Amino acid sequence: MTKSVGISPAQSWRQWLMGEAGWRDYYQVTKPKVVMLLLLTALVGACLASDSLPNAFTLFAAMLGIGLMASGAAAYNHLLDREIDARMMRTRHRPLVRGELTALRCVSFATLISIAGFAVLALWVNMLTAWLTALSLVGYALVYTLYLKRATPQNIVIGGIAGAAPPLLGWTAVTGEMHAHGLLLVLIVFTWTPPHFWALAIHRRDDYARVNMPMLPVTHGIEFTKTCVLLYTVLLTLVCLLPYLTGMSHGLYLVGSSALNLVFLYYAWKLKFRSEMGTAMATFKYSIVHLMLLFIILLADHYLLSN
Ligand code: HEM
Ligand SMILES: CC(C)=CCC/C(C)=C/CC/C(C)=C/COP(=O)(O)OP(=O)(O)O
């Protein structure tokens, strides 16, 4: 007699849940590196909100909740952008474009982790943080992705508010209330976003033109965008002085942030006046290092120099 080779209940569950997708596809739609940097800014917001160390459980729950909701927002972005992603060189290998993750699985995953993130914040952090994070999710996943991105070259300036929110989310997670210093950290990320994105958009201009996406280099040309990158970098340098001038941060921050901004200004100046083949991409890559180090320095300054 031959034994039948059916699949076990565990295997059929896995097949129902995953289909052709692997864990890597689910991981990829969460934009993990972006979310990691967002979480760093949230963590620093939380630490700067009080003179003592924040409660470890609240901090863990806040990072988990914000991380899950930001990942959910990123997964909705993959879902809603799948048709334009398929036509752009940079994004045509994404899981939904390759068909390895179906739209139904992606929307289910995004909804599940977003609701889980909201529940974590509502149950173990506070309602203010839960609702502000939900607002950021809607701002990025719906307002930016579905409307702004396709409507105006100021898309990333306005949409940047959602990506800039995490330091405030960290702040409210610890204190339960908003504070001008938390909003100052938001202002830094908000001003940083245009040079971050437009440097990449200059490099990828043709990709965006192919799909008629009204990004600034497509609508106003590369030279104008380079001028905007330089002007926003000057503005960022000035905004970065505010934590020192308002007494929120100290000398270590002033020296560290000034050095980082001088390098950013050099990249932006070079992009405008001495551009070579890889200058736009190098400026984009530096913007990420800049923001990461800036927030680490804010943290070091807070713990080493606060009384
Ligand atoms: C509206 C605001 C923003 C726009 C339009 C934007 C746009 C982009 C784009 C198009 C990429 C390239 C992704 C790729 O290569 O697939 C990127 C990469 C990245 N962005 Fe942004 N970004 C924004 C805000 C932010 C914020 C607020 C952060 C963090 C605080 C951030 C952190 C990063 C990081 C870490 C990467 C590199 C990801 C990687 O290498 O996989 N971005 N961004
Ligand atoms: C809850 C919360 C804090 C939400 C914020 C979510 C979030 C992931 C913000 C990052 C912004 C970002 C990566 C924009 C790029 O989108 P794009 O569509 O222009 O880039 P793409 O073409 O690479 O997809």
# chains A, B, ... in the order shown; residues from 1 in each chain; ligands from 1
>>> closest_atom_pairs(of="chain A", to="ligand 2", cutoff="6 Å", atoms="only C-alpha atoms and all ligand atoms", output="tab-separated table")
residue	atom	partner	partner_atom_place_in_ligand_line	distance
A:Val34	CA	ligand 2	13 (C)	6.0
A:Val35	CA	ligand 2	8 (C)	5.9
A:Met69	CA	ligand 2	1 (C)	4.8
A:Ala70	CA	ligand 2	1 (C)	3.8
A:Ala73	CA	ligand 2	6 (C)	5.2
A:Ala74	CA	ligand 2	8 (C)	4.7
A:Thr133	CA	ligand 2	1 (C)	4.9
A:Ser136	CA	ligand 2	1 (C)	4.7
A:Leu137	CA	ligand 2	1 (C)	4.0
A:Tyr140	CA	ligand 2	6 (C)	5.6
A:Ala162	CA	ligand 2	5 (C)	5.3
A:Gly163	CA	ligand 2	9 (C)	4.2
A:Pro166	CA	ligand 2	3 (C)	5.4
>>> residues_around(residues="Val107 of chain A", least_positions_apart="2", cutoff="8 Å", atoms="only C-alpha atoms", output="JSON, numbers by chain")
{"A": [75, 76, 79, 103, 104, 105, 109, 110, 111]}
>>> residues_near_ligand(ligand="ligand 1", cutoff="7 Å", atoms="only C-alpha atoms and all ligand atoms", output="ChimeraX atom specification")
/A:31,33-35,37-38,41,90-91,156-157,159-160,163-164,189,193,196-197,200,288
>>> write_last_selection(atoms="C-alpha atoms", output="JSON list (two decimals), in the first residue's frame")
[["chain", "number", "residue", "atom", "x", "y", "z"],
["A", 31, "LYS", "CA", 10.96, 50.10, 4.11],
["A", 33, "LYS", "CA", 16.02, 51.25, 6.72],
["A", 34, "VAL", "CA", 13.73, 54.29, 6.55],
["A", 35, "VAL", "CA", 11.77, 53.01, 9.57],
["A", 37, "LEU", "CA", 16.03, 56.07, 11.02],
["A", 38, "LEU", "CA", 12.51, 57.27, 11.86],
["A", 41, "THR", "CA", 14.52, 60.27, 15.69],
["A", 90, "ARG", "CA", 14.46, 52.11, -9.20],
["A", 91, "THR", "CA", 11.27, 50.42, -8.01],
["A", 156, "ILE", "CA", 7.45, 66.12, -0.53],
["A", 157, "VAL", "CA", 7.60, 69.45, 1.32],
["A", 159, "GLY", "CA", 4.13, 65.31, 2.83],
["A", 160, "GLY", "CA", 7.40, 65.66, 4.74],
["A", 163, "GLY", "CA", 7.97, 61.69, 8.07],
["A", 164, "ALA", "CA", 9.14, 64.48, 10.38],
["A", 189, "VAL", "CA", 13.55, 66.79, 9.98],
["A", 193, "THR", "CA", 13.52, 66.39, 3.82],
["A", 196, "HIS", "CA", 17.29, 64.63, 1.10],
["A", 197, "PHE", "CA", 14.69, 63.83, -1.52],
["A", 200, "LEU", "CA", 17.81, 61.71, -5.26],
["A", 288, "ILE", "CA", 21.06, 60.07, 5.56]]
>>> residues_around(residues="Leu231 of chain A", least_positions_apart="4", cutoff="10 Å", atoms="only C-alpha atoms", output="list in words")
Pro194, Pro195, Thr225, Lys226, Thr227, Leu235, Leu236, Thr237, Leu265, Ala268 and Trp269 of chain A
>>> residues_around(residues="Tyr244 of chain A", least_positions_apart="3", cutoff="12 Å", atoms="only C-alpha atoms", output="ChimeraX atom specification")
/A:181,184-185,238-241,247-258,298,301-302
>>> write_last_selection(atoms="C-alpha atoms", output="mmCIF file, in the first residue's frame")
data_model
loop_
_atom_site.group_PDB
_atom_site.id
_atom_site.type_symbol
_atom_site.label_atom_id
_atom_site.label_comp_id
_atom_site.auth_asym_id
_atom_site.auth_seq_id
_atom_site.Cartn_x
_atom_site.Cartn_y
_atom_site.Cartn_z
ATOM 1 C CA HIS A 181 11.222 71.595 21.958
ATOM 2 C CA LEU A 184 11.750 72.028 17.084
ATOM 3 C CA LEU A 185 13.019 68.503 16.366
ATOM 4 C CA LEU A 238 19.960 77.976 10.523
ATOM 5 C CA VAL A 239 17.169 75.796 11.949
ATOM 6 C CA CYS A 240 19.804 73.480 13.456
ATOM 7 C CA LEU A 241 21.094 76.423 15.528
ATOM 8 C CA GLY A 247 18.823 76.284 25.558
ATOM 9 C CA MET A 248 17.545 72.808 24.682
ATOM 10 C CA SER A 249 21.041 71.610 23.683
ATOM 11 C CA HIS A 250 24.581 72.619 24.553
ATOM 12 C CA GLY A 251 28.111 73.116 23.193
ATOM 13 C CA LEU A 252 28.673 69.540 22.020
ATOM 14 C CA TYR A 253 25.545 69.778 19.870
ATOM 15 C CA LEU A 254 26.525 73.204 18.528
ATOM 16 C CA VAL A 255 29.971 71.996 17.399
ATOM 17 C CA GLY A 256 28.761 68.621 16.093
ATOM 18 C CA SER A 257 25.718 69.916 14.203
ATOM 19 C CA SER A 258 27.687 72.822 12.721
ATOM 20 C CA LEU A 298 21.583 65.504 20.192
ATOM 21 C CA ASP A 301 24.795 66.236 24.251
ATOM 22 C CA HIS A 302 21.632 65.663 26.338
#
>>> residues_around(residues="Gly67 of chain A", least_positions_apart="2", cutoff="8 Å", atoms="only C-alpha atoms", output="list in words")
Val35, Met36, Leu39, Met63, Leu64, Gly65, Met69, Ala70, Ser71 and Gly117 of chain A
>>> residues_around(residues="Glu100 of chain A", least_positions_apart="6", cutoff="9 Å", atoms="only C-alpha atoms", output="MDAnalysis selection string")
chainID A and resid 19:22 25 94
>>> residues_around(residues="Val44 of chain A", least_positions_apart="4", cutoff="9 Å", atoms="only C-alpha atoms", output="short mmCIF file (atom, residue, chain, number, x, y, z; two decimals) with N, CA and C atoms, in the first residue's frame")
data_model
loop_
_atom_site.label_atom_id
_atom_site.label_comp_id
_atom_site.auth_asym_id
_atom_site.auth_seq_id
_atom_site.Cartn_x
_atom_site.Cartn_y
_atom_site.Cartn_z
N LEU A 39 12.77 55.67 13.67
CA LEU A 39 12.73 55.26 15.08
C LEU A 39 13.86 55.90 15.88
N LEU A 40 15.01 56.10 15.23
CA LEU A 40 16.09 56.80 15.94
C LEU A 40 15.63 58.22 16.33
N LEU A 48 15.01 63.20 25.01
CA LEU A 48 15.18 64.63 25.28
C LEU A 48 14.00 65.22 26.06
N ALA A 49 12.90 64.46 26.10
CA ALA A 49 11.69 64.99 26.74
C ALA A 49 11.80 65.06 28.26
N PRO A 167 9.98 62.47 16.07
CA PRO A 167 10.54 63.01 17.33
C PRO A 167 9.47 63.52 18.28
N GLY A 170 7.82 60.51 19.92
CA GLY A 170 8.65 60.04 21.04
C GLY A 170 8.45 60.94 22.25
N TRP A 171 8.40 62.23 22.00
CA TRP A 171 8.25 63.21 23.10
C TRP A 171 6.92 63.00 23.84
N PHE A 295 21.11 63.31 15.14
CA PHE A 295 20.27 62.86 16.26
C PHE A 295 21.09 62.13 17.32
N ILE A 296 22.15 61.43 16.89
CA ILE A 296 23.02 60.78 17.89
C ILE A 296 23.73 61.86 18.72
N LEU A 298 22.59 64.92 19.30
CA LEU A 298 21.58 65.50 20.19
C LEU A 298 21.47 64.68 21.48
N LEU A 299 21.50 63.36 21.29
CA LEU A 299 21.36 62.44 22.42
C LEU A 299 22.59 62.52 23.34
#
